[in-house]
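Chemist: Pasting coords.txt here (compact mmCIF, C-alpha atoms):
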# COMPACT_ATOMS: atom_id res chain seq x y z
CA MET A 299 12.48 12.69 14.29
CA SER A 300 11.07 12.21 17.77
CA LYS A 301 9.92 8.73 18.63
CA PRO A 302 7.12 7.69 20.93
CA THR A 303 8.35 6.41 24.24
CA HIS A 304 6.73 4.90 27.26
CA ASP A 305 5.44 8.12 28.63
CA SER A 306 6.14 9.11 32.16
CA HIS A 307 2.54 10.18 32.48
CA ASP A 308 1.12 6.70 33.05
CA SER A 309 0.60 7.47 36.72
CA LEU A 310 -1.45 10.47 35.65
CA MET A 311 -4.04 8.36 33.85
CA GLY A 312 -7.36 9.40 35.28
CA PRO A 313 -10.62 7.54 35.69
CA GLY A 314 -12.05 9.39 32.68
CA CYS A 315 -9.23 8.49 30.31
CA ALA A 316 -10.45 4.99 29.49
CA ALA A 317 -13.62 6.43 27.96
CA TYR A 318 -11.53 8.30 25.39
CA ALA A 319 -8.99 5.56 24.67
CA SER A 320 -10.68 4.44 21.46
CA GLN A 321 -11.34 8.00 20.27
CA LEU A 322 -7.83 9.39 20.63
CA PRO A 323 -6.39 7.42 17.68
CA LEU A 324 -9.18 8.70 15.41
CA LEU A 325 -8.97 12.41 16.20
CA ALA A 326 -6.34 13.17 13.57
CA HIS A 327 -8.35 11.43 10.85
CA GLY A 328 -11.57 13.35 11.31
CA LEU A 329 -13.48 10.22 12.26
CA LEU A 330 -15.21 11.57 15.35
CA ASP A 331 -18.60 13.19 15.25
CA PRO A 332 -18.82 16.78 16.51
CA ALA A 333 -20.12 15.80 19.95
CA GLU A 334 -17.36 13.24 20.45
CA ARG A 335 -14.76 15.70 19.26
CA ALA A 336 -15.98 18.41 21.60
CA ALA A 337 -16.04 16.07 24.60
CA LEU A 338 -12.55 14.80 23.81
CA ALA A 339 -11.24 18.34 23.35
CA GLY A 340 -12.60 19.24 26.77
CA HIS A 341 -10.93 16.23 28.32
CA LEU A 342 -7.62 16.91 26.55
CA ASP A 343 -7.52 20.43 27.95
CA SER A 344 -6.95 19.06 31.42
CA CYS A 345 -5.41 15.60 30.89
CA VAL A 346 -1.65 15.33 30.53
CA TYR A 347 -1.86 11.57 30.01
CA CYS A 348 -4.18 11.82 27.01
CA GLN A 349 -2.17 14.72 25.58
CA ALA A 350 0.94 12.51 25.67
CA ARG A 351 -0.99 9.61 24.19
CA LEU A 352 -2.31 11.78 21.37
CA ALA A 353 1.21 12.99 20.59
CA ALA A 354 2.41 9.37 20.53
CA TYR A 355 -0.25 8.46 17.97
CA GLY A 356 0.87 11.36 15.82
CA GLN A 357 4.47 10.14 16.00
CA ILE A 358 3.42 6.59 15.15
CA ASP A 359 1.55 7.90 12.09
CA THR A 360 4.65 9.77 10.97
CA ILE A 361 6.96 6.79 11.45
CA LEU A 362 4.53 4.42 9.74
CA THR A 363 4.29 6.75 6.75
CA GLN A 364 8.05 7.19 6.50
CA VAL A 365 8.72 3.47 6.82
CA ALA A 366 6.02 2.69 4.26
CA ARG A 367 7.53 5.20 1.83
CA GLN A 368 10.86 3.39 2.00
CA ALA A 369 9.28 0.47 0.14
CA ARG A 370 8.76 2.76 -2.86
CA ALA A 371 12.41 2.34 -3.72
CA LEU A 372 11.73 -1.36 -4.26
CA ALA A 373 8.81 -0.88 -6.64
CA PRO A 374 9.34 -2.14 -10.19
CA ALA A 375 9.50 0.38 -13.02
CA PRO A 376 6.13 1.20 -14.59
CA ASP A 377 7.40 0.09 -18.02
CA GLU A 378 8.26 -3.28 -16.53
CA ILE A 379 4.71 -3.72 -15.28
CA VAL A 380 3.13 -2.60 -18.55
CA ALA A 381 5.38 -4.91 -20.54
CA ALA A 382 4.60 -7.85 -18.25
CA VAL A 383 0.86 -7.21 -18.41
CA LEU A 384 0.84 -6.92 -22.19
CA SER A 385 3.08 -9.94 -22.64
CA GLN A 386 0.36 -12.03 -20.98
CA ASP A 387 -2.21 -10.75 -23.43
CA ASP A 388 -2.51 -13.19 -26.30
CA THR A 389 -5.12 -11.15 -28.10
CA LEU A 390 -3.20 -8.03 -29.02
CA PRO A 391 0.47 -8.86 -29.36
CA PHE A 392 1.20 -6.94 -32.52
CA THR A 393 -1.38 -4.22 -32.66
CA LEU A 394 0.05 -2.47 -29.64
CA PRO A 395 2.52 0.37 -29.94
CA LEU A 396 5.35 -1.78 -28.69
CA LYS A 397 7.85 1.00 -29.12
CA THR A 398 6.33 2.65 -26.07
CA PHE A 399 8.03 0.10 -23.85
CA ILE A 400 10.52 -1.84 -25.93
CA GLY A 401 13.96 -0.51 -25.33
CA THR A 402 13.51 0.23 -21.67
CA THR A 403 12.18 -3.23 -20.88
CA GLU A 404 13.83 -5.43 -23.44
CA ASP A 405 14.90 -7.90 -20.80
CA SER A 406 11.43 -8.34 -19.39
CA MET A 407 10.02 -8.90 -22.89
CA SER A 408 12.72 -11.25 -24.03
CA ASN A 409 11.33 -14.26 -22.23
CA THR A 410 7.95 -14.09 -23.93
CA ASN A 411 7.01 -16.01 -27.02
CA HIS A 412 5.70 -12.86 -28.61
CA ALA A 413 9.02 -11.13 -28.35
CA HIS A 414 10.87 -14.11 -29.86
CA ASP A 415 8.37 -14.64 -32.63
CA ALA A 416 7.74 -11.04 -33.48
CA PRO A 417 8.87 -10.10 -36.95
CA ASP A 418 10.60 -6.81 -37.28
CA PHE A 419 7.55 -4.79 -38.35
CA PRO A 420 7.96 -1.17 -39.15
CA GLU A 421 5.98 0.85 -36.63
CA SER A 422 3.32 1.90 -39.13
CA SER A 423 2.57 -1.62 -40.31
CA GLN A 424 2.21 -3.55 -37.05
CA LYS A 425 -0.51 -6.10 -37.72
CA ASN A 426 -1.72 -9.31 -36.30
CA PRO A 427 0.11 -12.12 -38.09
CA MET B 537 -22.44 -1.41 -22.36
CA ASP B 538 -23.57 2.17 -22.42
CA PRO B 539 -22.79 3.38 -25.96
CA ARG B 540 -21.63 6.70 -24.52
CA GLN B 541 -18.84 4.87 -22.71
CA THR B 542 -15.70 4.56 -24.77
CA ALA B 543 -12.67 2.46 -24.00
CA ILE B 544 -9.56 3.93 -22.54
CA THR B 545 -6.45 3.60 -24.67
CA LEU B 546 -3.18 1.83 -24.05
CA GLU B 547 -1.68 5.24 -23.50
CA ASP B 548 -4.27 5.90 -20.78
CA PHE B 549 -3.55 2.52 -19.24
CA THR B 550 0.19 3.18 -19.25
CA ALA B 551 -0.43 6.53 -17.55
CA LEU B 552 -2.59 4.73 -14.98
CA VAL B 553 0.25 2.30 -14.23
CA GLU B 554 2.76 5.14 -14.01
CA HIS B 555 0.52 7.02 -11.61
CA TYR B 556 -0.48 4.25 -9.23
CA GLU B 557 2.04 1.45 -9.34
CA VAL B 558 4.45 2.91 -6.79
CA PRO B 559 1.91 3.67 -4.02
CA LEU B 560 0.10 0.42 -4.82
CA TYR B 561 3.36 -1.50 -4.50
CA GLU B 562 4.03 0.26 -1.20
CA PHE B 563 0.60 -0.86 0.05
CA LEU B 564 1.10 -4.47 -1.08
CA HIS B 565 4.67 -4.65 0.19
CA HIS B 566 3.63 -3.81 3.73
CA LEU B 567 0.51 -5.93 3.57
CA VAL B 568 2.19 -9.18 2.50
CA GLN B 569 5.66 -8.31 3.79
CA ASP B 570 7.40 -9.94 0.88
CA GLN B 571 9.00 -8.14 -2.04
CA ASP B 572 8.48 -10.82 -4.69
CA THR B 573 4.90 -11.52 -3.64
CA ALA B 574 4.14 -7.82 -3.67
CA ARG B 575 5.55 -7.52 -7.20
CA ASP B 576 3.50 -10.52 -8.37
CA LEU B 577 0.36 -9.09 -6.83
CA LEU B 578 1.05 -5.72 -8.38
CA GLN B 579 1.35 -7.30 -11.81
CA ASP B 580 -1.78 -9.40 -11.22
CA THR B 581 -3.71 -6.30 -10.21
CA PHE B 582 -2.74 -4.40 -13.33
CA SER B 583 -3.39 -7.49 -15.48
CA GLU B 584 -6.90 -7.58 -14.09
CA ALA B 585 -7.20 -3.87 -14.81
CA TRP B 586 -6.03 -4.44 -18.38
CA ARG B 587 -8.65 -7.17 -18.84
CA ALA B 588 -11.26 -4.74 -17.54
CA VAL B 589 -9.97 -2.16 -20.02
CA GLN B 590 -10.41 -4.63 -22.84
CA ARG B 591 -13.91 -5.56 -21.70
CA GLN B 592 -14.61 -1.83 -21.52
CA VAL B 593 -16.24 -2.05 -18.12
CA PRO B 594 -16.33 0.74 -15.55
CA PRO B 595 -14.25 2.27 -14.15
CA PHE B 596 -12.07 1.65 -17.20
CA VAL B 597 -14.09 3.57 -19.70
CA ALA B 598 -13.65 7.16 -20.69
CA GLY B 599 -15.68 9.35 -18.37
CA ASN B 600 -14.99 7.47 -15.16
CA ASP B 601 -12.73 9.46 -12.91
CA ASP B 602 -9.41 8.54 -11.40
CA VAL B 603 -10.87 8.31 -7.91
CA GLU B 604 -12.93 5.30 -8.96
CA ARG B 605 -10.02 3.69 -10.77
CA ARG B 606 -7.73 4.22 -7.80
CA ARG B 607 -10.29 2.64 -5.47
CA TRP B 608 -10.82 -0.24 -7.90
CA LEU B 609 -7.08 -0.94 -8.03
CA TYR B 610 -6.70 -0.97 -4.26
CA ARG B 611 -9.78 -3.17 -3.82
CA VAL B 612 -8.46 -5.74 -6.28
CA ALA B 613 -4.96 -5.55 -4.80
CA TYR B 614 -6.31 -5.99 -1.27
CA ARG B 615 -8.47 -8.97 -2.18
CA ARG B 616 -5.63 -10.66 -4.01
CA ALA B 617 -3.26 -10.02 -1.11
CA ILE B 618 -5.72 -11.43 1.41
CA ASP B 619 -6.19 -14.50 -0.80
CA VAL B 620 -2.45 -15.06 -0.85
CA LEU B 621 -2.15 -14.54 2.90
CA ARG B 622 -4.96 -17.01 3.52
CA ARG B 623 -3.61 -19.56 1.08
CA HIS B 624 -0.02 -19.51 2.17
CA TYR B 625 -0.36 -18.01 5.63
CA LEU B 626 2.37 -15.71 4.41
CA ILE B 627 2.88 -13.61 7.48
CA ARG B 628 6.59 -13.43 7.66
CA TRP B 629 9.02 -10.59 7.74
CA GLU B 630 11.59 -10.26 5.04
CA SER B 631 15.12 -9.62 6.12
CA LEU B 632 16.79 -6.71 4.50
CA ASP B 633 19.27 -8.12 2.03
CA ALA B 634 22.07 -6.11 0.52
CA THR B 635 19.98 -4.84 -2.40
CA ASP B 636 17.17 -3.76 -0.12
CA LEU B 637 19.60 -1.97 2.16
CA MET B 638 21.01 -0.02 -0.75
CA ASN B 639 17.53 0.91 -1.89
CA VAL B 640 16.42 1.87 1.59
CA ALA B 641 19.58 3.93 1.95
CA GLN B 642 18.56 5.92 -1.10
CA ALA B 643 15.17 6.75 0.38
CA PRO B 644 14.68 10.40 1.24
CA GLY B 645 14.94 11.63 4.80
CA GLY B 646 17.51 13.15 7.03
CA ILE B 647 18.17 10.19 9.30
CA SER B 648 21.12 7.86 9.11
CA LEU B 649 21.00 4.53 7.34
CA GLU B 650 21.45 2.69 10.64
CA ASP B 651 18.57 4.55 12.28
CA ARG B 652 16.42 4.01 9.22
CA ILE B 653 17.04 0.27 9.28
CA VAL B 654 16.34 0.01 13.01
CA GLU B 655 13.16 2.02 12.60
CA HIS B 656 12.12 0.01 9.57
CA ASP B 657 12.68 -3.24 11.45
CA THR B 658 10.91 -2.00 14.56
CA MET B 659 7.86 -0.85 12.62
CA GLN B 660 7.80 -4.00 10.48
CA HIS B 661 7.79 -6.20 13.55
CA ALA B 662 5.14 -4.04 15.18
CA LEU B 663 2.97 -4.31 12.07
CA GLY B 664 3.52 -8.05 12.21
CA GLN B 665 1.61 -8.19 15.47
CA LEU B 666 -1.54 -6.96 13.73
CA ALA B 667 -4.12 -8.74 11.61
CA PRO B 668 -3.74 -8.12 7.86
CA THR B 669 -7.04 -6.24 7.72
CA ASP B 670 -5.86 -3.95 10.50
CA VAL B 671 -2.62 -3.33 8.62
CA ALA B 672 -4.65 -2.58 5.50
CA CYS B 673 -6.75 -0.07 7.44
CA LEU B 674 -3.63 1.70 8.68
CA LEU B 675 -1.97 1.77 5.29
CA LEU B 676 -5.04 2.93 3.43
CA ILE B 677 -6.01 5.73 5.81
CA VAL B 678 -2.76 6.84 7.46
CA VAL B 679 -0.33 6.29 4.58
CA GLN B 680 -2.38 6.35 1.38
CA GLY B 681 -4.77 9.06 2.53
CA PHE B 682 -8.06 7.34 1.77
CA THR B 683 -11.11 8.44 3.71
CA ALA B 684 -12.79 5.92 6.00
CA GLY B 685 -15.62 5.72 3.46
CA GLU B 686 -13.24 4.86 0.64
CA ALA B 687 -11.36 2.37 2.82
CA ALA B 688 -14.71 0.77 3.67
CA LEU B 689 -15.43 0.23 -0.03
CA ILE B 690 -11.95 -1.17 -0.64
CA LEU B 691 -12.06 -3.51 2.35
CA GLY B 692 -15.69 -4.49 1.87
CA MET B 693 -16.88 -3.44 5.30
CA ALA B 694 -19.02 -0.74 6.88
CA GLU B 695 -17.49 2.67 7.51
CA HIS B 696 -18.05 2.47 11.26
CA ALA B 697 -16.29 -0.91 11.26
CA VAL B 698 -13.30 0.68 9.52
CA ALA B 699 -13.14 3.41 12.18
CA LYS B 700 -13.26 0.78 14.93
CA ARG B 701 -10.54 -1.26 13.26
CA LEU B 702 -8.36 1.81 12.72
CA SER B 703 -8.67 2.80 16.36
CA ARG B 704 -7.83 -0.68 17.55
CA ALA B 705 -5.01 -1.03 15.04
CA LYS B 706 -3.37 2.23 16.13
CA GLN B 707 -3.65 1.31 19.79
CA ARG B 708 -2.09 -2.09 19.13
CA LEU B 709 0.56 -0.67 16.83
CA LEU B 710 1.65 1.83 19.48
CA VAL B 711 1.89 -0.91 22.11
CA ALA B 712 3.74 -3.26 19.74
CA TYR B 713 6.10 -0.50 18.58
CA LEU B 714 6.96 0.44 22.17
CA ALA B 715 7.51 -3.21 23.10
CA GLN B 716 9.78 -3.62 20.10
CA THR B 717 11.68 -0.48 21.04
CA ASP B 718 12.15 -1.88 24.54
CA ARG B 719 13.54 -5.13 23.16
CA ALA B 720 15.92 -3.22 20.90
CA SER B 721 17.10 -1.14 23.86
CA GLU B 722 17.71 -4.26 25.93
CA ARG B 723 19.83 -5.72 23.15
CA ILE B 724 21.92 -2.56 22.96
CA GLN B 725 22.46 -2.20 26.70
CA PRO B 726 25.38 -4.27 28.13
Would you mind writing the file's structure down as structure tokens?
Modeler:
Amino acid sequence: MSKPTHDSHDSLMGPGCAAYASQLPLLAHGLLDPAERAALAGHLDSCVYCQARLAAYGQIDTILTQVARQARALAPAPDEIVAAVLSQDDTLPFTLPLKTFIGTTEDSMSNTNHAHDAPDFPESSQKNP
Amino acid sequence: MDPRQTAITLEDFTALVEHYEVPLYEFLHHLVQDQDTARDLLQDTFSEAWRAVQRQVPPFVAGNDDVERRRWLYRVAYRRAIDVLRRHYLIRWESLDATDLMNVAQAPGGISLEDRIVEHDTMQHALGQLAPTDVACLLLIVVQGFTAGEAALILGMAEHAVAKRLSRAKQRLLVAYLAQTDRASERIQP
């Protein structure tokens, strides 16, 4: 993957470039109105500095997305979250289809009072005690 | 409550968690920059969603679409994260411990583990130079794919303010990333 670098085009920054500095980062996200987009496109046609800057923003978006995605590997399992949420719910401990998460999240349930106190109900007769 | 609105089931709620918890965790992780805090906030967010399910309030009634539920989840997650950041001033960068490194190593992509760690570190430090709301703007629009209008609803600000923040955040992120890259290069050079 290419990375943004200090471009060698800094010396090519023209007097008109500053006017587009705040618009360049928004171009890829469709956040410019048609007039702004047309003016910027006209400027980009002839400005090497802004072309390089635009490419750098695209690379930063790519890197940010890839780095952000890496955190997904650290996310807890969905069953773990559901079990934790339901274990905090004092109103419906035994009317829920516990078999949907027990087994995969036994450890996360084991530290709740409900799990310790729960009698071994058959699935079809789960009732509030 | 509108009598036409019916509650969503536990099965629906479980499907909601399965669908959104990973991207929501990703958002929280990079917003608070702490794995345990992100996990706590994720659980808090879904607990609040479960309470809303039980109260049978929109968007957790049958008939409301996933777009509204997704936006609701991110709005709650964002507000809770900002509360935590304000309360604890938790703007610190977690070091990659052994477990994290293994998990990061398993992430998809064709680059080496070393490059991935350097890039991760560089981007994390660059993000650390930004205000949390700016980071949220970047994550919501660039990474999560929300429109500026949706991000505005999540962040509680006007759409034009979101666009301004996004522009400023990207400019600052680029500068901070390049500065971080320079520092890394200086450390490598003899």
Chemist: Can you measure CA of Glu695 (chain B) to CA of Gln660 (chain B) for me? One decimal in Å is fine.
Modeler: 26.3 Å
Chemist: Dump as a VMD selection string the residues of chain A that approach chain B to within 10 Å, counting only C-alpha atoms.
Modeler: chain A and resid 299 301 to 304 319 to 330 351 354 to 355 357 to 387 389 394 to 395 398 to 399
Chemist: Between CA of Met693 (chain B) and CA of Val597 (chain B), what is the distance in Å, rounded to a tenth?
Modeler: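 Value for the CA of Met693 (chain B)-CA of Val597 (chain B) distance: 26.1 Å.
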Chemist: Using all atoms listed in the file, which of the listed residues (A:Ala316, A:Leu310, A:Asp388, A:Ala333) sits closest to Tyr347 (chain A)?
Modeler: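 Of A:Ala316, A:Leu310, A:Asp388, A:Ala333, the one nearest Tyr347 (chain A), counting all atoms listed in the file, is A:Leu310.
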Chemist: Neighbours of region 689-691 of chain B within 8 Å (only C-alpha atoms; same-chain residues fewer than 4 positions away dropped), as JSON, numbers by chain?
Modeler: {"B": [607, 608, 610, 611, 614, 615, 669, 685]}
Chemist: Just give me the gap between CA of Cys345 (chain A) and CA of Pro332 (chain A) in Å, one decimal is fine.
Modeler: 19.7 Å
Chemist: Between B:Arg623, B:Arg606, B:Arg616, B:Arg708, which residue has the minimum interatomic distance to Leu567 (chain B), considering only C-alpha atoms?
Modeler: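 The answer is B:Arg616, which sits nearest to Leu567 (chain B).
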Chemist: Pick the closest to Asp619 (chain B) from B:Pro668, B:Gly599, B:Val654, B:Val593: which is it, counting only C-alpha atoms?
Modeler: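 Distance minimum relative to Asp619 (chain B) lands on B:Pro668.
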Chemist: Closest to Asn600 (chain B) among B:Ala688, B:Val620, B:Ile544, B:Val612, using all atoms listed in the file?
Modeler: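 Nearest to Asn600 (chain B): B:Ile544.
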